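Asks: Could you have a look at this structure, given as structure tokens, before my questions?
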Amino acid sequence: MKLSLALLATAISGTSAFTAVNNNGPRTITQLNERQPIMAGNWKMNPTTEADALNLANGFTALLNELEDTCAMDDVEGCTEVVLFPPFPFISKVMDIVGKSGITVGAQQVYYQDKGAFTGSVAASMVKSVGCEFVLCGHSERRSLFSDSDANINAKVKKVLEFGMKPILCIGETQEEYDLGITQEVCAMQVSKDLAGVSKEDMKDVVIAYEPVWAIGTGLVCDSDAANDVHKYIRTVLAKMYDDEVAQATRIQYGGSVTPESVDQLMAKSDIDGCLVGGASLFADKFARIVNFERQ
């Protein structure tokens, strides 16, 4: 196993981000490197105090720094991009801790307006100004608990891109939709609506996270073959919206109760480029193991 971290921004700028990837057969190390692996930890509304958040950040960073194979920040080949999404109050101090190890910090959500009388909301410019590079858009909890519509998610995706950050667009079917056998239809609709008006050039900065809602926080994990099939299908949707170049270059994560026990099997699949991790990211040792997945 090899764990390596790097900031990706300089590596995927311009048209070089759209290097075609051959998806026939098992994933090779070369193919894995062409689509930069990306592991993200979504802390959600955890932990409950700043002290606990900083302890978690320090613990995770310490585990990574102990590994001799961690690559330098300017060494792109073979590196895994790592992003943490702490709650808003902890962003700056967590960034001070983890940034030295090449770990990126993002915001769990933003509002699509620039400023104004929107009590409780946070603007893209605000999180950009404190150093965030990624923003989660369309997470199922925002969709279900806060009635985040596809139109609003689309506006947020475009606002994040406007401010030079990278959206991680979360999509996925509910248990009811899964039972009805309409996973592909749901994912196609969400991708089409949520990326409406996003240009091919902007797609180099978009990450998609497929999260079957029935697997989030339940302990259930979508079978790795089934998850990979959905990822492949998402690429066909992207090919129709844009072209095959974009479809093959776009990084697609899997999310939904990812654990140290399930990550290796998931990451061995040809079209799974990383994981969006919830509960396990709240444990430094578990998330370090997930980041340090077994390369095939």
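We name chains A, B, ... following the order of the structure tokens; residues begin at 1 in each chain, and ligands are numbered from 1 as shown.
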Could you pull out the residues in segment 21-206 of chain A that DSSP calls strand (DSSP E or B) from the backbone, as a PyMOL selection string?
Replies: chain A and resi 38-42+80-85+104-107+111+123+134-137+166-171
Asks: If you take only C-alpha atoms and a cut-off of 10 Å, which residues of segment 92-196 of chain A touch segment 239-248 of chain A, and what are their nearest atom pairs and distances in Å to one decimal, in chain and number order, as CSV?
Replies:
```
residue,atom,partner,partner_atom,distance
A:Val191,CA,A:Met241,CA,9.4
A:Ser192,CA,A:Met241,CA,7.5
A:Leu195,CA,A:Met241,CA,9.1
A:Ala196,CA,A:Met241,CA,9.0
```
Asks: Just to be explicit: take each residue in the selection above, keep all heavy atoms, and write the result as a PDB file, in the first residue's frame.
Replies:
```
ATOM      1  N   VAL A 191     -28.132  14.613 -12.856  1.00  0.00           N
ATOM      2  CA  VAL A 191     -26.946  15.110 -13.563  1.00  0.00           C
ATOM      3  C   VAL A 191     -27.343  16.146 -14.607  1.00  0.00           C
ATOM      4  O   VAL A 191     -26.735  17.226 -14.711  1.00  0.00           O
ATOM      5  CB  VAL A 191     -26.168  13.951 -14.216  1.00  0.00           C
ATOM      6  CG1 VAL A 191     -25.098  14.481 -15.168  1.00  0.00           C
ATOM      7  CG2 VAL A 191     -25.516  13.070 -13.153  1.00  0.00           C
ATOM      8  N   SER A 192     -28.371  15.848 -15.383  1.00  0.00           N
ATOM      9  CA  SER A 192     -28.797  16.754 -16.448  1.00  0.00           C
ATOM     10  C   SER A 192     -29.273  18.089 -15.894  1.00  0.00           C
ATOM     11  O   SER A 192     -28.927  19.158 -16.422  1.00  0.00           O
ATOM     12  CB  SER A 192     -29.913  16.105 -17.275  1.00  0.00           C
ATOM     13  OG  SER A 192     -29.464  14.912 -17.882  1.00  0.00           O
ATOM     14  N   LEU A 195     -26.287  20.081 -13.790  1.00  0.00           N
ATOM     15  CA  LEU A 195     -25.163  20.586 -14.589  1.00  0.00           C
ATOM     16  C   LEU A 195     -25.638  21.426 -15.778  1.00  0.00           C
ATOM     17  O   LEU A 195     -24.829  21.792 -16.636  1.00  0.00           O
ATOM     18  CB  LEU A 195     -24.299  19.427 -15.100  1.00  0.00           C
ATOM     19  CG  LEU A 195     -23.523  18.650 -14.027  1.00  0.00           C
ATOM     20  CD1 LEU A 195     -22.728  17.517 -14.666  1.00  0.00           C
ATOM     21  CD2 LEU A 195     -22.594  19.569 -13.230  1.00  0.00           C
ATOM     22  N   ALA A 196     -26.911  21.750 -15.833  1.00  0.00           N
ATOM     23  CA  ALA A 196     -27.434  22.564 -16.928  1.00  0.00           C
ATOM     24  C   ALA A 196     -26.698  23.905 -16.979  1.00  0.00           C
ATOM     25  O   ALA A 196     -26.562  24.594 -15.966  1.00  0.00           O
ATOM     26  CB  ALA A 196     -28.927  22.791 -16.746  1.00  0.00           C
TER      27      ALA A 196
END
```
Asks: One number please: atom CA of Asn46 of chain A to atom CA of Gln175 of chain A, in Å, one decimal.
Replies: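 Pair atom CA of Asn46 of chain A / atom CA of Gln175 of chain A returns 25.1 Å.
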Asks: Given only C-alpha atoms as the basis, pick out the residue of A:Cys222, A:Phe90, A:Ile252, A:Glu211 nearest to Thr49 of chain A.
Replies: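 So, comparing all the options, the nearest one is A:Phe90.
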Asks: Write out as a PyMOL selection string each polymer residue whose atoms come within 8 Å of segment 267-269 of chain A, counting only C-alpha atoms; drop sequence neighbours fewer than 4 positions from it.
Replies: chain A and resi 26-27+224-225+228+263+273-274+293-296
Asks: Return the single residue from A:Ser199, A:Gln253, A:Ser129, A:Ser147 that is closest to Pro212 of chain A, with distances computed using only C-alpha atoms.
Replies: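 Going through A:Ser199, A:Gln253, A:Ser129, A:Ser147 one by one, the smallest distance to Pro212 of chain A is for A:Gln253.
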Asks: What parts of segment 68-212 of chain A does DSSP call helix (DSSP H, G or I)? I'd like the answer as a count of residues only.
Replies: 60
Asks: Which one is closest to Leu63 of chain A: A:Asn152, A:Gln36, A:Ser101, A:Gln190? Count only C-alpha atoms.
Replies: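 Closest to Leu63 of chain A, using only C-alpha atoms: A:Ser101.
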Asks: Just the residues within 7 Å of Phe134 of chain A, please, counting only C-alpha atoms, with nothing from its chain fewer than 3 positions along; format it as a CSV table (one decimal) with N, CA, C and O atoms, in the first residue's frame.
Replies:
```csv
chain,number,residue,atom,x,y,z
A,105,VAL,N,-9.3,21.9,2.2
A,105,VAL,CA,-10.5,22.0,3.0
A,105,VAL,C,-11.6,22.6,2.1
A,105,VAL,O,-11.3,23.5,1.3
A,106,GLY,N,-12.8,22.2,2.3
A,106,GLY,CA,-14.0,22.7,1.6
A,106,GLY,C,-15.1,23.0,2.5
A,106,GLY,O,-15.1,22.8,3.7
A,107,ALA,N,-16.2,23.6,1.9
A,107,ALA,CA,-17.4,24.0,2.6
A,107,ALA,C,-18.5,22.9,2.3
A,107,ALA,O,-18.6,22.4,1.2
A,165,MET,N,-13.9,27.9,-7.4
A,165,MET,CA,-13.8,26.7,-6.6
A,165,MET,C,-14.4,25.5,-7.4
A,165,MET,O,-14.9,25.6,-8.5
A,166,LYS,N,-14.3,24.3,-6.7
A,166,LYS,CA,-14.7,23.1,-7.4
A,166,LYS,C,-15.9,22.5,-6.7
A,166,LYS,O,-15.8,22.1,-5.5
A,167,PRO,N,-17.0,22.3,-7.4
A,167,PRO,CA,-18.2,21.6,-6.7
A,167,PRO,C,-18.0,20.1,-6.8
A,167,PRO,O,-17.5,19.5,-7.7
A,168,ILE,N,-18.4,19.5,-5.7
A,168,ILE,CA,-18.6,18.0,-5.7
A,168,ILE,C,-20.1,17.9,-5.7
A,168,ILE,O,-20.8,18.1,-4.7
```
Asks: Between A:Leu56, A:Leu64, A:Val207, A:Met45, which is the closest to Phe283 of chain A once you count only C-alpha atoms?
Replies: A:Leu56
Asks: From the set A:Val157, A:Leu169, A:Leu276, A:Ile38, which residue has the shortest atom-to-atom contact distance to Val198 of chain A, counting only C-alpha atoms?
Replies: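 Smallest distance to Val198 of chain A is found for A:Val157.
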Asks: For a quick check of understanding, using only C-alpha atoms, which of A:Glu261, A:Asp202, A:Asp229, A:Glu81 has the smallest distance to Ile290 of chain A?
Replies: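 Distance minimum relative to Ile290 of chain A lands on A:Glu261.
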Asks: Would you work out the distance separating atom CA of Leu136 of chain A from atom CA of Phe85 of chain A, expressed in Å to one decimal?
Replies: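 About the pair atom CA of Leu136 of chain A and atom CA of Phe85 of chain A: they are 8.3 Å apart.
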